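Engineer: Attaching a single structure in structure tokens format; questions to follow.
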Amino acid sequence: MSKNKQNNNELEKRENGISNYNWIDANEYTMNSFLLLDRWVFRWIFTDCSRYNWFPSGGRDYKTELAKALHRYPHVREFVREKAPECRAFLDELEEIPDPGWSEQELRDAETYILQAHETFVVYAYPEVMNRVNYIRNWNEKYLHELVDVTGKIVLDVGSGTGRLAFAAAKKAKHVYASEPCDRLREYMRDKIKAEGISNVKVLDGEVCNLPYEDDTFDIVCSGHVVGDFYEEEIAEMTRVTKHQGWLVVCNGEDEFKRTAPDDELTGRGFEWFRHVSAEGGIIYNYRKQVVKA
Ligand SMILES: C[S@@+](CC[C@H](N)C(=O)[O-])C[C@H]1O[C@@H](n2cnc3c(N)ncnc32)[C@H](O)[C@@H]1O
């Protein structure tokens with residue numbers, strides 16, 4: 001999850017340089033989890049994180065910890081190398097870090113550090129675990145239906161994850177397209193559609209800055225915890241695929257973060273905001289904007 005996707009209070013949770021959502025206990029996972037992840041995730045982990053200093057050191061050097069974490073998993077390193085050739089230069093740099101005789105304990109410690117740091121990616125490999133994270137497990141779909149009337153509409157959910165918004169919308173919408181760049185999550189939604197006989201949801205790949213749809217396709221384009229890495233490009237692309245007088249909706253889940261203000265990147269781009277207190281006492285903001293095209 002990007003540093004902006006839930007705004008200010010989440011940033012504080014990263015102040016030690018690692019993700020502290022506690023969505024997973026990294027001790028229960030190994031670097032083999034990476035074998036279940038997608039190429040675009042590897043780009044974040046093996047190039048962008050370092051380039052943008054996405055993870056402050058917290059007293060530890062990200063590259064050294066990553067080198068240690070991969071030390072006992074050469075097959076994971078090779079997998080990343082093959083799946084994401086653009087990460088090869090960074091992987092080479094990791095391999096050049098000398099091993100001064102790291103102990104087993106140091107290696108395992110680095111492994112859990114890296115897995116915890118990337119827990120927001122690790123959960124993409126385990127949809128059932130993702131469904132149990134705070135913002136999804138406590139969510140009530142009334143918050144989507146209060147924001148926008150999807151009845152009879154054609155809806156796109158961008159970055160669907162396990163389908164929190166897509167399946168809620170499908171109860172009233174005509175058709176829902178669930179766009180999701182993670183293979184494991186797409187397959188999870190397809191299994192659910194089959195198991196539950198859902199007939200109006202289609203699952204597709206799709207990246208928020210490059211959506212695989214024609215202009216003016218949808219009545220409603222919604223997302224949750226997706227917009228926030230590159231606001232300008234993301235909102236422009238979501239607007240492109242929305243019909244004149246359709247709606248853009250940002251409907252977040254329920255968590256415990258006590259946000260102090262709406263996201264000014266969204267309000268500054270014309271989004272109305274709505275605020276409520278979550279079951280866990282968090283302050284949650286949701287947003288909507290009507291698209292007007294000349
Ligand atoms: C934090 S999860 C939120 C899932 C779901 N929207 C929800 O609120 O329950 C973020 C989701 O966005 C997807 N995602 C991440 N980067 C994306 C991008 N650039 N474009 C589209 N989806 C993206 C991830 O694969 C993941 O499923």
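All residue names refer to the structure tokens as shown: chains lettered A, B, ... in order, residues numbered from 1 in each chain, ligands numbered from 1 in order.
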Enumerate as a PyMOL selection string the residues within 6 Å of ligand 1, counting only C-alpha atoms and all ligand atoms.
Structural biologist: chain A and resi 1+136+158-161+164+180-182+206-208+223-226+252-253
Engineer: Just the residues within 12 Å of Glu196 (chain A), please, counting only C-alpha atoms, with nothing from its chain fewer than 6 positions along; format it as a ChimeraX atom specification.
Structural biologist: /A:167,189-190
Engineer: Produce a file of the selected residues containing N, CA and C atoms, as a PDB file, in the first residue's frame.
Structural biologist:
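Output contents, as saved in selection_16.pdb:
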ATOM      1  N   PHE A 167     -17.955  -6.878  -5.067  1.00  0.00           N
ATOM      2  CA  PHE A 167     -19.061  -7.780  -4.722  1.00  0.00           C
ATOM      3  C   PHE A 167     -20.200  -7.032  -4.029  1.00  0.00           C
ATOM      4  N   MET A 189     -11.083 -14.045  -6.773  1.00  0.00           N
ATOM      5  CA  MET A 189     -12.420 -13.501  -7.107  1.00  0.00           C
ATOM      6  C   MET A 189     -13.143 -14.415  -8.090  1.00  0.00           C
ATOM      7  N   ARG A 190     -12.388 -14.986  -9.033  1.00  0.00           N
ATOM      8  CA  ARG A 190     -13.043 -15.896 -10.002  1.00  0.00           C
ATOM      9  C   ARG A 190     -13.583 -17.139  -9.300  1.00  0.00           C
TER      10      ARG A 190
END
Engineer: Smallest atom-to-atom distance to Glu119 (chain A): which of A:Glu233, A:Tyr287, A:Glu280, A:Asp25, using only C-alpha atoms?
Structural biologist: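 For Glu119 (chain A), the nearest of the given residues is A:Asp25.
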Engineer: Take CA of Glu232 (chain A) and CA of Trp139 (chain A) and report the distance between them in Å, one decimal.
Structural biologist: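 Straight-line distance from CA of Glu232 (chain A) to CA of Trp139 (chain A) works out to 27.7 Å.
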Engineer: Calculated over only C-alpha atoms, which of the candidates A:Arg77, A:His276, A:Arg60, A:Arg137 has the smallest distance to Ala261 (chain A)?
Structural biologist: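 Residue with the minimum atom-to-atom distance to Ala261 (chain A): A:His276.
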Engineer: According to DSSP computed on the backbone, where in region 165-202 of chain A is there helix (DSSP H, G or I)? Give the residues as a compact mmCIF listing (two decimals) with C-alpha atoms, in the first residue's frame.
Structural biologist:
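What ended up in states.txt:
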# COMPACT_ATOMS: atom_id res chain seq x y z
CA LEU A 165 -16.26 -3.11 -3.28
CA ALA A 166 -16.89 -5.15 -6.43
CA PHE A 167 -19.06 -7.78 -4.72
CA ALA A 168 -20.91 -5.17 -2.68
CA ALA A 169 -21.67 -3.18 -5.85
CA ALA A 170 -22.75 -6.33 -7.68
CA ASP A 183 -2.97 -12.86 -10.35
CA ARG A 184 -3.67 -14.55 -7.00
CA LEU A 185 -6.38 -12.02 -6.21
CA ARG A 186 -7.97 -12.28 -9.64
CA GLU A 187 -8.15 -16.06 -9.25
CA TYR A 188 -9.59 -15.69 -5.74
CA MET A 189 -12.42 -13.50 -7.11
CA ARG A 190 -13.04 -15.90 -10.00
CA ASP A 191 -13.31 -18.82 -7.58
CA LYS A 192 -15.77 -16.85 -5.46
CA ILE A 193 -17.87 -15.93 -8.51
CA LYS A 194 -18.03 -19.61 -9.48
CA ALA A 195 -18.72 -20.88 -5.98
CA GLU A 196 -21.48 -18.35 -5.35
Engineer: Any idea what's packed within 9 Å of Glu128 (chain A), counting only C-alpha atoms, ignoring anything in its chain fewer than 4 positions away? Could you give it as an MDAnalysis selection string?
Structural biologist: chainID A and resid 123 132 162 188
Engineer: Just the selected residues (N, CA and C atoms), exported as a PDB file, in the first residue's frame, please.
Structural biologist:
ATOM      1  N   VAL A 123       0.347 -10.088   1.729  1.00  0.00           N
ATOM      2  CA  VAL A 123      -1.058 -10.508   1.832  1.00  0.00           C
ATOM      3  C   VAL A 123      -1.707 -10.711   0.458  1.00  0.00           C
ATOM      4  N   ARG A 132      -8.873 -10.917   6.200  1.00  0.00           N
ATOM      5  CA  ARG A 132      -8.943 -10.760   7.667  1.00  0.00           C
ATOM      6  C   ARG A 132      -8.256  -9.491   8.160  1.00  0.00           C
ATOM      7  N   THR A 162      -9.589  -8.478  -2.930  1.00  0.00           N
ATOM      8  CA  THR A 162     -10.443  -9.663  -2.804  1.00  0.00           C
ATOM      9  C   THR A 162     -11.883  -9.349  -3.204  1.00  0.00           C
ATOM     10  N   TYR A 188      -8.737 -15.598  -6.941  1.00  0.00           N
ATOM     11  CA  TYR A 188      -9.594 -15.689  -5.744  1.00  0.00           C
ATOM     12  C   TYR A 188     -11.008 -15.192  -6.080  1.00  0.00           C
TER      13      TYR A 188
END
Engineer: Give me, as a count of residues only, all polymer residues having an atom no more than 10 Å from Asp38 (chain A), counting only C-alpha atoms and skipping those fewer than 2 positions away in the same chain.
Structural biologist: 17
Engineer: Please list as a PyMOL selection string every residue within 12 Å of Val249 (chain A), counting only C-alpha atoms and excluding residues in the same chain fewer than 3 positions away.
Structural biologist: chain A and resi 143-150+155-158+165+169+219-227+235+238-239+242+246+252+266+270-274+285-291
Engineer: To one decimal in Å, tell me the separation between CA of Asn210 (chain A) and CA of Trp44 (chain A).
Structural biologist: 17.0 Å
Engineer: Give me every strand (DSSP E) residue in region 145-215 of chain A, going by DSSP on the backbone, as a PyMOL selection string.
Structural biologist: chain A and resi 154-158+175-179+201-204
Engineer: Using only C-alpha atoms, can you tell me which of A:Lys171, A:Asp263, A:Asp216, A:Cys209 comes closest to Glu237 (chain A)?
Structural biologist: A:Cys209
Engineer: Kindly indicate which residue among A:Leu70, A:Val241, A:Ile154, A:Val133 lies nearest to Asn200 (chain A), using only C-alpha atoms for the distances.
Structural biologist: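 The answer is A:Ile154, which sits nearest to Asn200 (chain A).
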